[in-house]
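Undergrad: File input38.cif follows (mmCIF, C-alpha atoms):
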data_start
#
loop_
_atom_site.group_PDB
_atom_site.id
_atom_site.type_symbol
_atom_site.label_atom_id
_atom_site.label_comp_id
_atom_site.auth_asym_id
_atom_site.auth_seq_id
_atom_site.Cartn_x
_atom_site.Cartn_y
_atom_site.Cartn_z
ATOM 1 C CA MET I 91 91.717 120.646 117.868
ATOM 2 C CA ALA I 92 91.044 117.514 119.924
ATOM 3 C CA SER I 93 93.816 116.089 122.072
ATOM 4 C CA PRO I 94 96.180 113.507 120.526
ATOM 5 C CA GLN I 95 94.563 110.847 122.708
ATOM 6 C CA ALA I 96 91.159 111.625 121.214
ATOM 7 C CA LEU I 97 92.595 111.471 117.726
ATOM 8 C CA VAL I 98 93.990 107.987 118.191
ATOM 9 C CA ALA I 99 90.623 106.360 118.959
ATOM 10 C CA SER I 100 92.183 102.944 118.159
ATOM 11 C CA LYS I 101 92.715 104.070 114.555
ATOM 12 C CA VAL I 102 95.720 104.339 112.282
ATOM 13 C CA ALA I 103 96.210 107.152 109.783
ATOM 14 C CA VAL I 104 97.486 105.992 106.394
ATOM 15 C CA ILE I 105 99.140 108.128 103.713
ATOM 16 C CA VAL I 106 99.677 106.563 100.291
ATOM 17 C CA GLY I 107 100.370 107.699 96.755
ATOM 18 C CA PRO I 108 102.871 107.327 93.940
ATOM 19 C CA THR I 109 106.578 107.932 94.308
ATOM 20 C CA ALA I 110 107.536 111.643 94.457
ATOM 21 C CA SER I 111 104.007 112.702 95.463
ATOM 22 C CA GLY I 112 105.290 114.106 98.759
ATOM 23 C CA LYS I 113 104.051 111.475 101.227
ATOM 24 C CA SER I 114 107.004 111.595 103.614
ATOM 25 C CA GLN I 115 106.897 115.303 104.362
ATOM 26 C CA CYS I 116 103.110 115.303 104.687
ATOM 27 C CA ALA I 117 103.400 112.456 107.192
ATOM 28 C CA ILE I 118 105.915 114.439 109.247
ATOM 29 C CA GLU I 119 103.658 117.491 109.257
ATOM 30 C CA LEU I 120 100.635 115.380 110.233
ATOM 31 C CA ALA I 121 102.623 113.740 113.010
ATOM 32 C CA LYS I 122 103.581 117.150 114.398
ATOM 33 C CA LEU I 123 99.928 118.207 114.401
ATOM 34 C CA THR I 124 98.622 115.036 116.051
ATOM 35 C CA ASP I 125 101.530 113.912 118.228
ATOM 36 C CA GLY I 126 102.028 110.983 115.893
ATOM 37 C CA GLU I 127 104.791 108.594 114.926
ATOM 38 C CA ILE I 128 105.491 107.293 111.419
ATOM 39 C CA ILE I 129 105.767 103.712 110.197
ATOM 40 C CA SER I 130 107.269 103.431 106.716
ATOM 41 C CA ALA I 131 105.418 101.090 104.342
ATOM 42 C CA ASP I 132 108.140 100.965 101.692
ATOM 43 C CA SER I 133 109.563 97.601 100.690
ATOM 44 C CA MET I 134 112.938 99.122 99.788
ATOM 45 C CA GLN I 135 113.421 101.459 102.743
ATOM 46 C CA ILE I 136 113.643 98.403 105.007
ATOM 47 C CA TYR I 137 117.195 97.849 103.709
ATOM 48 C CA ARG I 138 120.196 99.233 105.567
ATOM 49 C CA GLY I 139 122.499 101.406 103.508
ATOM 50 C CA MET I 140 119.992 101.907 100.704
ATOM 51 C CA ASP I 141 119.224 105.475 101.668
ATOM 52 C CA ILE I 142 119.525 107.950 98.808
ATOM 53 C CA GLY I 143 118.031 105.732 96.119
ATOM 54 C CA THR I 144 115.002 104.803 98.220
ATOM 55 C CA GLY I 145 114.251 108.387 99.235
ATOM 56 C CA LYS I 146 114.575 107.849 102.986
ATOM 57 C CA VAL I 147 114.079 110.950 105.077
ATOM 58 C CA VAL I 148 117.556 111.749 106.407
ATOM 59 C CA PRO I 149 117.902 111.444 110.209
ATOM 60 C CA ALA I 150 118.385 115.189 110.673
ATOM 61 C CA GLU I 151 114.975 115.837 109.083
ATOM 62 C CA ARG I 152 113.020 113.227 111.058
ATOM 63 C CA ALA I 153 111.188 115.640 113.305
ATOM 64 C CA VAL I 154 109.207 112.733 114.786
ATOM 65 C CA PRO I 155 110.033 109.057 115.424
ATOM 66 C CA HIS I 156 110.202 106.887 112.287
ATOM 67 C CA TRP I 157 109.773 103.106 112.251
ATOM 68 C CA GLY I 158 110.155 100.509 109.496
ATOM 69 C CA LEU I 159 113.516 101.768 108.244
ATOM 70 C CA ASP I 160 116.789 99.806 108.114
ATOM 71 C CA LEU I 161 115.341 96.490 109.264
ATOM 72 C CA VAL I 162 117.515 94.103 107.222
ATOM 73 C CA ASP I 163 120.581 94.057 104.975
ATOM 74 C CA PRO I 164 120.132 94.330 101.178
ATOM 75 C CA GLY I 165 119.148 90.987 99.700
ATOM 76 C CA GLU I 166 118.091 89.506 103.040
ATOM 77 C CA PRO I 167 114.724 87.720 102.733
ATOM 78 C CA TYR I 168 111.755 89.773 103.858
ATOM 79 C CA SER I 169 108.036 89.544 103.151
ATOM 80 C CA ALA I 170 104.706 91.291 103.513
ATOM 81 C CA ALA I 171 103.901 88.765 106.246
ATOM 82 C CA LEU I 172 106.900 89.842 108.282
ATOM 83 C CA PHE I 173 105.996 93.479 107.695
ATOM 84 C CA GLN I 174 102.419 92.822 108.821
ATOM 85 C CA ALA I 175 103.637 91.507 112.171
ATOM 86 C CA TYR I 176 106.142 94.350 112.546
ATOM 87 C CA ALA I 177 103.670 97.100 111.639
ATOM 88 C CA ARG I 178 100.979 95.839 113.979
ATOM 89 C CA GLU I 179 103.460 95.725 116.862
ATOM 90 C CA CYS I 180 104.286 99.354 116.040
ATOM 91 C CA PHE I 181 100.598 100.284 115.960
ATOM 92 C CA GLU I 182 100.018 98.764 119.394
ATOM 93 C CA ASP I 183 103.107 100.344 120.939
ATOM 94 C CA ILE I 184 102.465 103.818 119.526
ATOM 95 C CA SER I 185 98.767 103.778 120.444
ATOM 96 C CA ALA I 186 99.558 102.520 123.954
ATOM 97 C CA ARG I 187 101.691 105.624 124.459
ATOM 98 C CA GLY I 188 98.762 107.851 123.485
ATOM 99 C CA LYS I 189 100.129 108.778 120.085
ATOM 100 C CA LEU I 190 98.759 108.428 116.562
ATOM 101 C CA PRO I 191 100.308 105.704 114.366
ATOM 102 C CA ILE I 192 100.806 107.038 110.830
ATOM 103 C CA LEU I 193 101.491 104.405 108.172
ATOM 104 C CA CYS I 194 103.139 106.076 105.199
ATOM 105 C CA GLY I 195 104.434 104.531 101.995
ATOM 106 C CA GLY I 196 103.947 103.498 98.423
ATOM 107 C CA THR I 197 104.185 99.702 98.631
ATOM 108 C CA GLY I 198 100.528 98.863 98.259
ATOM 109 C CA PHE I 199 100.710 95.266 99.414
ATOM 110 C CA TYR I 200 102.577 96.265 102.582
ATOM 111 C CA VAL I 201 99.818 98.761 103.356
ATOM 112 C CA ARG I 202 97.069 96.218 102.774
ATOM 113 C CA ALA I 203 98.914 93.565 104.791
ATOM 114 C CA ALA I 204 99.305 95.944 107.728
ATOM 115 C CA ILE I 205 95.706 97.112 108.024
ATOM 116 C CA ASP I 206 93.535 94.466 106.354
ATOM 117 C CA ASP I 207 92.483 91.016 107.515
ATOM 118 C CA TYR I 208 94.969 89.163 105.361
ATOM 119 C CA GLN I 209 95.994 85.737 106.668
ATOM 120 C CA PHE I 210 99.378 84.675 105.366
ATOM 121 C CA PRO I 211 100.169 81.000 104.860
ATOM 122 C CA ALA I 212 103.256 79.446 106.398
ATOM 123 C CA GLY I 213 105.028 79.829 103.067
ATOM 124 C CA GLU I 214 105.106 83.575 103.556
ATOM 125 C CA GLN I 215 107.365 83.272 106.587
ATOM 126 C CA ALA I 216 111.136 83.153 106.768
ATOM 127 C CA ASP I 217 113.090 79.887 107.262
ATOM 128 C CA ASN I 218 110.523 77.838 105.382
ATOM 129 C CA PRO I 219 111.810 74.467 104.067
ATOM 130 C CA VAL I 220 109.328 74.512 101.186
ATOM 131 C CA ARG I 221 110.736 77.845 99.996
ATOM 132 C CA GLU I 222 114.272 76.524 100.331
ATOM 133 C CA ARG I 223 113.394 73.513 98.167
ATOM 134 C CA LEU I 224 111.763 75.717 95.526
ATOM 135 C CA ALA I 225 114.721 78.107 95.576
ATOM 136 C CA ALA I 226 117.037 75.172 94.887
ATOM 137 C CA TYR I 227 114.774 74.082 92.002
ATOM 138 C CA LEU I 228 114.862 77.619 90.603
ATOM 139 C CA GLU I 229 118.647 77.748 90.755
ATOM 140 C CA THR I 230 118.980 74.373 89.026
ATOM 141 C CA HIS I 231 116.261 74.619 86.376
ATOM 142 C CA GLY I 232 115.586 78.339 85.915
ATOM 143 C CA ALA I 233 112.605 80.669 86.155
ATOM 144 C CA GLU I 234 110.730 79.337 83.124
ATOM 145 C CA ALA I 235 110.823 75.760 84.420
ATOM 146 C CA LEU I 236 109.603 76.868 87.846
ATOM 147 C CA TRP I 237 106.690 78.722 86.255
ATOM 148 C CA GLN I 238 105.849 75.685 84.080
ATOM 149 C CA LEU I 239 105.796 73.575 87.235
ATOM 150 C CA LEU I 240 103.189 75.946 88.658
ATOM 151 C CA GLY I 241 101.263 75.769 85.384
ATOM 152 C CA GLU I 242 101.024 72.006 85.671
ATOM 153 C CA LYS I 243 99.784 72.148 89.255
ATOM 154 C CA ASP I 244 97.692 75.356 89.221
ATOM 155 C CA PRO I 245 97.048 76.784 85.724
ATOM 156 C CA ALA I 246 94.827 79.589 87.032
ATOM 157 C CA SER I 247 97.600 80.940 89.236
ATOM 158 C CA ALA I 248 100.238 80.601 86.527
ATOM 159 C CA ALA I 249 97.992 82.626 84.225
ATOM 160 C CA VAL I 250 98.096 85.658 86.537
ATOM 161 C CA ILE I 251 101.841 85.558 87.337
ATOM 162 C CA HIS I 252 104.608 86.593 84.947
ATOM 163 C CA PRO I 253 107.000 83.686 84.239
ATOM 164 C CA HIS I 254 109.976 85.777 85.354
ATOM 165 C CA ASN I 255 108.424 86.781 88.685
ATOM 166 C CA SER I 256 110.019 83.826 90.455
ATOM 167 C CA LYS I 257 109.342 85.128 93.950
ATOM 168 C CA ARG I 258 105.597 85.177 93.276
ATOM 169 C CA VAL I 259 105.725 81.825 91.486
ATOM 170 C CA MET I 260 107.362 80.315 94.565
ATOM 171 C CA ARG I 261 104.715 81.946 96.728
ATOM 172 C CA ALA I 262 101.981 80.310 94.636
ATOM 173 C CA LEU I 263 103.652 76.899 94.862
ATOM 174 C CA GLU I 264 103.962 77.318 98.632
ATOM 175 C CA LEU I 265 100.247 78.037 98.824
ATOM 176 C CA LEU I 266 99.549 74.793 96.989
ATOM 177 C CA GLU I 267 101.424 72.974 99.752
ATOM 178 C CA GLU I 268 98.882 74.552 102.127
ATOM 179 C CA GLY I 269 95.998 73.402 99.934
ATOM 180 C CA GLU I 270 95.210 76.910 98.661
ATOM 181 C CA SER I 271 95.395 78.717 95.324
ATOM 182 C CA TYR I 272 97.222 81.975 94.689
ATOM 183 C CA ALA I 273 94.631 82.948 92.052
ATOM 184 C CA VAL I 274 91.789 82.467 94.525
ATOM 185 C CA GLN I 275 93.573 84.453 97.222
ATOM 186 C CA LYS I 276 94.407 87.213 94.761
ATOM 187 C CA ALA I 277 90.732 87.568 93.872
ATOM 188 C CA ALA I 278 89.726 87.494 97.538
ATOM 189 C CA LEU I 279 92.207 90.221 98.500
ATOM 190 C CA ALA I 280 89.965 92.911 97.045
ATOM 191 C CA GLN I 281 87.137 91.827 99.380
ATOM 192 C CA LEU I 282 89.084 91.802 102.650
ATOM 193 C CA GLY I 283 87.846 93.866 105.552
ATOM 194 C CA GLU I 284 89.977 95.867 107.956
ATOM 195 C CA ALA I 285 91.800 94.137 110.783
ATOM 196 C CA VAL I 286 93.054 97.516 111.998
ATOM 197 C CA PRO I 287 90.673 100.525 111.862
ATOM 198 C CA ALA I 288 92.278 103.029 109.524
ATOM 199 C CA ILE I 289 91.707 106.466 108.036
ATOM 200 C CA GLN I 290 93.336 106.443 104.609
ATOM 201 C CA PHE I 291 94.557 109.423 102.606
ATOM 202 C CA GLY I 292 96.016 109.388 99.118
ATOM 203 C CA LEU I 293 98.053 112.107 97.415
ATOM 204 C CA LYS I 294 97.207 112.681 93.768
ATOM 205 C CA VAL I 295 99.382 114.747 91.445
ATOM 206 C CA ASP I 296 98.690 115.719 87.835
ATOM 207 C CA ARG I 297 100.656 113.290 85.671
ATOM 208 C CA PRO I 298 102.935 115.830 83.895
ATOM 209 C CA VAL I 299 103.816 117.466 87.222
ATOM 210 C CA LEU I 300 104.452 114.102 88.861
ATOM 211 C CA TYR I 301 106.713 112.944 86.044
ATOM 212 C CA ASP I 302 108.669 116.185 86.206
ATOM 213 C CA ARG I 303 109.102 115.726 89.961
ATOM 214 C CA ILE I 304 110.321 112.178 89.400
ATOM 215 C CA ASN I 305 112.854 113.256 86.785
ATOM 216 C CA ARG I 306 114.215 116.024 89.002
ATOM 217 C CA ARG I 307 114.240 113.776 92.049
ATOM 218 C CA VAL I 308 116.413 111.206 90.279
ATOM 219 C CA GLU I 309 118.834 113.917 89.191
ATOM 220 C CA ALA I 310 118.984 115.166 92.792
ATOM 221 C CA MET I 311 119.724 111.643 94.058
ATOM 222 C CA VAL I 312 122.743 111.435 91.771
ATOM 223 C CA GLU I 313 123.926 114.846 92.942
ATOM 224 C CA GLU I 314 123.509 113.753 96.569
ATOM 225 C CA GLY I 315 125.833 110.777 96.080
ATOM 226 C CA LEU I 316 123.801 107.846 94.775
ATOM 227 C CA VAL I 317 126.741 106.519 92.748
ATOM 228 C CA ASP I 318 129.004 106.457 95.805
ATOM 229 C CA GLU I 319 126.231 104.818 97.839
ATOM 230 C CA VAL I 320 125.927 102.029 95.283
ATOM 231 C CA ARG I 321 129.697 101.656 95.026
ATOM 232 C CA GLY I 322 129.950 101.262 98.797
ATOM 233 C CA LEU I 323 127.172 98.669 98.875
ATOM 234 C CA LEU I 324 128.873 96.695 96.107
ATOM 235 C CA GLN I 325 132.094 96.717 98.080
ATOM 236 C CA GLY I 326 130.102 95.460 101.059
ATOM 237 C CA GLY I 327 129.032 92.383 99.085
ATOM 238 C CA PHE I 328 125.405 93.345 98.480
ATOM 239 C CA ARG I 329 125.338 93.106 94.687
ATOM 240 C CA GLU I 330 122.507 90.538 94.605
ATOM 241 C CA GLY I 331 120.199 92.788 96.618
ATOM 242 C CA LEU I 332 121.050 95.826 94.492
ATOM 243 C CA CYS I 333 120.252 94.013 91.258
ATOM 244 C CA ALA I 334 116.832 92.730 92.304
ATOM 245 C CA PRO I 335 114.101 93.675 89.794
ATOM 246 C CA GLN I 336 112.392 95.997 92.300
ATOM 247 C CA ALA I 337 115.621 97.840 93.191
ATOM 248 C CA ILE I 338 114.920 100.850 90.990
ATOM 249 C CA GLY I 339 117.804 103.290 91.120
ATOM 250 C CA TYR I 340 120.343 100.683 92.172
ATOM 251 C CA LYS I 341 120.463 98.064 89.458
ATOM 252 C CA GLU I 342 120.805 100.823 86.854
ATOM 253 C CA ILE I 343 123.765 102.407 88.658
ATOM 254 C CA VAL I 344 125.343 98.964 89.070
ATOM 255 C CA ALA I 345 125.136 98.573 85.284
ATOM 256 C CA ALA I 346 126.876 101.924 84.829
ATOM 257 C CA LEU I 347 129.620 101.072 87.317
ATOM 258 C CA GLU I 348 130.192 97.767 85.531
ATOM 259 C CA GLY I 349 130.567 99.557 82.194
ATOM 260 C CA LYS I 350 127.360 98.232 80.663
ATOM 261 C CA CYS I 351 125.997 101.742 80.069
ATOM 262 C CA SER I 352 126.921 105.359 80.687
ATOM 263 C CA LEU I 353 125.848 107.245 83.800
ATOM 264 C CA GLU I 354 123.580 109.400 81.655
ATOM 265 C CA GLU I 355 121.889 106.285 80.261
ATOM 266 C CA ALA I 356 121.520 104.886 83.784
ATOM 267 C CA VAL I 357 119.867 108.099 85.005
ATOM 268 C CA ALA I 358 117.434 108.042 82.083
ATOM 269 C CA ALA I 359 116.638 104.370 82.815
ATOM 270 C CA ILE I 360 115.956 105.164 86.480
ATOM 271 C CA GLN I 361 113.657 108.014 85.504
ATOM 272 C CA GLN I 362 111.731 105.815 83.095
ATOM 273 C CA ALA I 363 111.446 102.925 85.556
ATOM 274 C CA SER I 364 110.314 105.306 88.305
ATOM 275 C CA ARG I 365 107.622 106.833 86.079
ATOM 276 C CA ARG I 366 106.331 103.362 85.215
ATOM 277 C CA TYR I 367 106.353 102.377 88.865
ATOM 278 C CA ALA I 368 104.393 105.510 89.780
ATOM 279 C CA LYS I 369 101.747 104.582 87.229
ATOM 280 C CA ARG I 370 101.444 101.079 88.703
ATOM 281 C CA GLN I 371 101.133 102.565 92.192
ATOM 282 C CA GLU I 372 98.331 104.859 91.057
ATOM 283 C CA THR I 373 96.490 101.919 89.512
ATOM 284 C CA TRP I 374 96.815 99.872 92.706
ATOM 285 C CA PHE I 375 95.647 102.587 95.085
ATOM 286 C CA ARG I 376 92.795 103.775 92.868
ATOM 287 C CA ARG I 377 91.115 100.404 93.375
ATOM 288 C CA ASP I 378 90.652 101.095 97.083
ATOM 289 C CA GLU I 379 87.500 103.137 97.608
ATOM 290 C CA ARG I 380 88.340 103.782 101.268
ATOM 291 C CA ILE I 381 91.115 106.219 100.358
ATOM 292 C CA GLN I 382 90.340 109.942 100.681
ATOM 293 C CA TRP I 383 92.220 111.665 97.858
ATOM 294 C CA ILE I 384 93.919 115.036 98.291
ATOM 295 C CA ASP I 385 95.309 117.051 95.380
ATOM 296 C CA ALA I 386 99.046 117.543 95.940
ATOM 297 C CA THR I 387 99.830 119.046 92.544
ATOM 298 C CA ASP I 388 100.440 122.466 94.114
ATOM 299 C CA TYR I 389 102.465 120.990 96.935
ATOM 300 C CA ASP I 390 102.023 122.477 100.410
ATOM 301 C CA PRO I 391 102.697 119.733 102.980
ATOM 302 C CA GLN I 392 101.576 121.826 105.953
ATOM 303 C CA ALA I 393 98.227 122.662 104.340
ATOM 304 C CA ILE I 394 97.726 119.046 103.280
ATOM 305 C CA ALA I 395 98.549 117.782 106.773
ATOM 306 C CA LEU I 396 96.115 120.268 108.308
ATOM 307 C CA GLN I 397 93.399 119.002 105.970
ATOM 308 C CA MET I 398 94.142 115.438 107.053
ATOM 309 C CA ALA I 399 94.153 116.365 110.742
ATOM 310 C CA GLU I 400 90.789 118.103 110.448
ATOM 311 C CA HIS I 401 89.318 115.056 108.741
ATOM 312 C CA ILE I 402 90.639 112.817 111.536
ATOM 313 C CA ARG I 403 89.206 115.194 114.138
ATOM 314 C CA ARG I 404 85.758 115.125 112.525
ATOM 315 C CA LEU I 405 85.746 111.331 112.420
ATOM 316 C CA SER I 406 86.865 111.107 116.025
ATOM 317 C CA GLN I 407 83.853 113.206 117.048
ATOM 318 C CA SER I 408 81.273 111.358 114.976
#
Translate the structure of the given file into structure tokens.
TA:
Amino acid sequence: MASPQALVASKVAVIVGPTASGKSQCAIELAKLTDGEIISADSMQIYRGMDIGTGKVVPAERAVPHWGLDLVDPGEPYSAALFQAYARECFEDISARGKLPILCGGTGFYVRAAIDDYQFPAGEQADNPVRERLAAYLETHGAEALWQLLGEKDPASAAVIHPHNSKRVMRALELLEEGESYAVQKAALAQLGEAVPAIQFGLKVDRPVLYDRINRRVEAMVEEGLVDEVRGLLQGGFREGLCAPQAIGYKEIVAALEGKCSLEEAVAAIQQASRRYAKRQETWFRRDERIQWIDATDYDPQAIALQMAEHIRRLSQS
């Protein structure tokens, strides 16, 4: 096989796929084959203390350096724009040391932000006064009123955003302050070219097998101490972050701990939410024709990683 330096060739390897498809272990195996380092593209693994429920690889099993984990506290503002800047710094640093950057995760927008030529408006950044003003409006008037405000100013954008998705509604209103439309940018996203040369792989798993993996994975998380993890985070004052709509596995356990449902009902809710999320992930990634799909139904991470490494080698020689 070619040397790690030859494999880099100013490119980034990307591994995507739905939750429980086996991305993390395949990334580790690929990194061992190519002298690579891994950057997590998971919008929940950035949070400190949210370990079991987000499926972080435990430190003892990180056979290669991992980046993108434990960046902020639960509930602390973070965005795809901030991740874009962080990931590209990682790409440059890893490549400069002669190693292969491997971007691995299931948050589709984080992946696109990291490798594609997406220009974020100022409203996507932290410490933005426009966002602070909109957040105050949301707290005073509620999500429906904020969405109606967007509808008055930009009906096309309001039509493609759910009224309860206040974060995205605020994002659209921020864009209007910049003289741009969320709906127009959303349509343009599909046409963006690469800012960072990338070789993309996707793991596909037959739906019944994937759903069974998800169900068993959730049960394993509970056995590994998910309830105690959530209890500790609540005691640390992070309830708001745990109850965010995207915090699958946490908000359901919070409900159980607060007596709103049984633990068994919470586990079933996590399994259902995770299966639905996996379906949305598949839909997102299937739109991208650049992704090379590998069947991971009969899961063998070493064989899959070898297949990826050979594909990278061939491209590096072409």
Undergrad: Do a neighbour search on stretch 175-190 of chain I at 12 Å with all atoms listed in the file, toss out local chain neighbours closer than 6 positions, and write the hits as a ChimeraX atom specification.
TA: /I:93-104,117-118,120-132,136,154-159,161,168-169,200-210,214-215,285-289,399,402-403
Undergrad: Near I:Asp378, counting all atoms listed in the file, which residues have an atom at most 12 Å away, once you skip same-chain residues fewer than 6 positions from it, shown as a list of chain:residue names?
TA: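 The residues that qualify are I:Val106, I:Gly107, I:Gly198, I:Phe199, I:Val201, I:Arg202, I:Asp206, I:Leu279, I:Ala280, I:Gln281, I:Leu282, I:Gly283, I:Gln290, I:Phe291, I:Gly292, I:Gln371, I:Glu372.
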Undergrad: Have a look at I:Val312, I:Leu405, I:Ile394, I:Val259 and name the one nearest to I:Leu236; count all atoms listed in the file.
TA: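 Residue with the minimum atom-to-atom distance to I:Leu236: I:Val259.
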Undergrad: Starting from the shown file, work through the PyMOL selection byres ((chain I and resi 241-253) around 12) and note down what comes out as an MDAnalysis selection string.
TA: chainID I and resid 228 232:240 254:267 269:277
Undergrad: For a test of reading the model, state the distance in Å between atom CA of I:Leu323 and atom CA of I:Pro164, rounded to one decimal.
TA: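 Computed distance, atom CA of I:Leu323 to atom CA of I:Pro164, equals 8.6 Å.
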Undergrad: Suppose a student applies the PyMOL selection byres ((chain I and resi 365) around 12) to this structure; what residues should they get, written as JSON, numbers by chain?
TA: {"I": [108, 109, 110, 111, 297, 298, 299, 300, 301, 302, 303, 304, 305, 306, 307, 308, 338, 339, 358, 359, 360, 361, 362, 363, 364, 366, 367, 368, 369, 370, 371, 372]}
Undergrad: Please report the interatomic distance between atom CA of I:Phe328 and atom CA of I:Gln135 in Å with one decimal.
TA: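 Interatomic distance here is 15.1 Å.
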Undergrad: Write out as an NGL selection string which residues come within 7 Å of I:Ala395 when counting only C-alpha atoms, dropping same-chain ones fewer than 2 positions away.
TA: :I and (116 or 119-120 or 391-393 or 397-399)
Undergrad: What is the distance between atom CA of I:Ala356 and atom CA of I:Tyr340, in Å to one decimal?
TA: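 Atom CA of I:Ala356 sits 9.5 Å away from atom CA of I:Tyr340.
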Undergrad: I'd like to see the residues matched by the PyMOL selection byres ((chain I and resi 330) around 10) on this file, and ideally I'd get them as a list in words.
TA: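 Output from the PyMOL selection byres ((chain I and resi 330) around 10), applied to this file: Pro164, Gly165, Glu166, Leu324, Gly327, Phe328, Arg329, Gly331, Leu332, Cys333, Ala334 and Lys341 of chain I.
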Undergrad: Here is a test: counting only C-alpha atoms, which residue of I:Ile142, I:Ile343, I:Ile105, I:Ala225 is nearest to I:Met311?
TA: I:Ile142
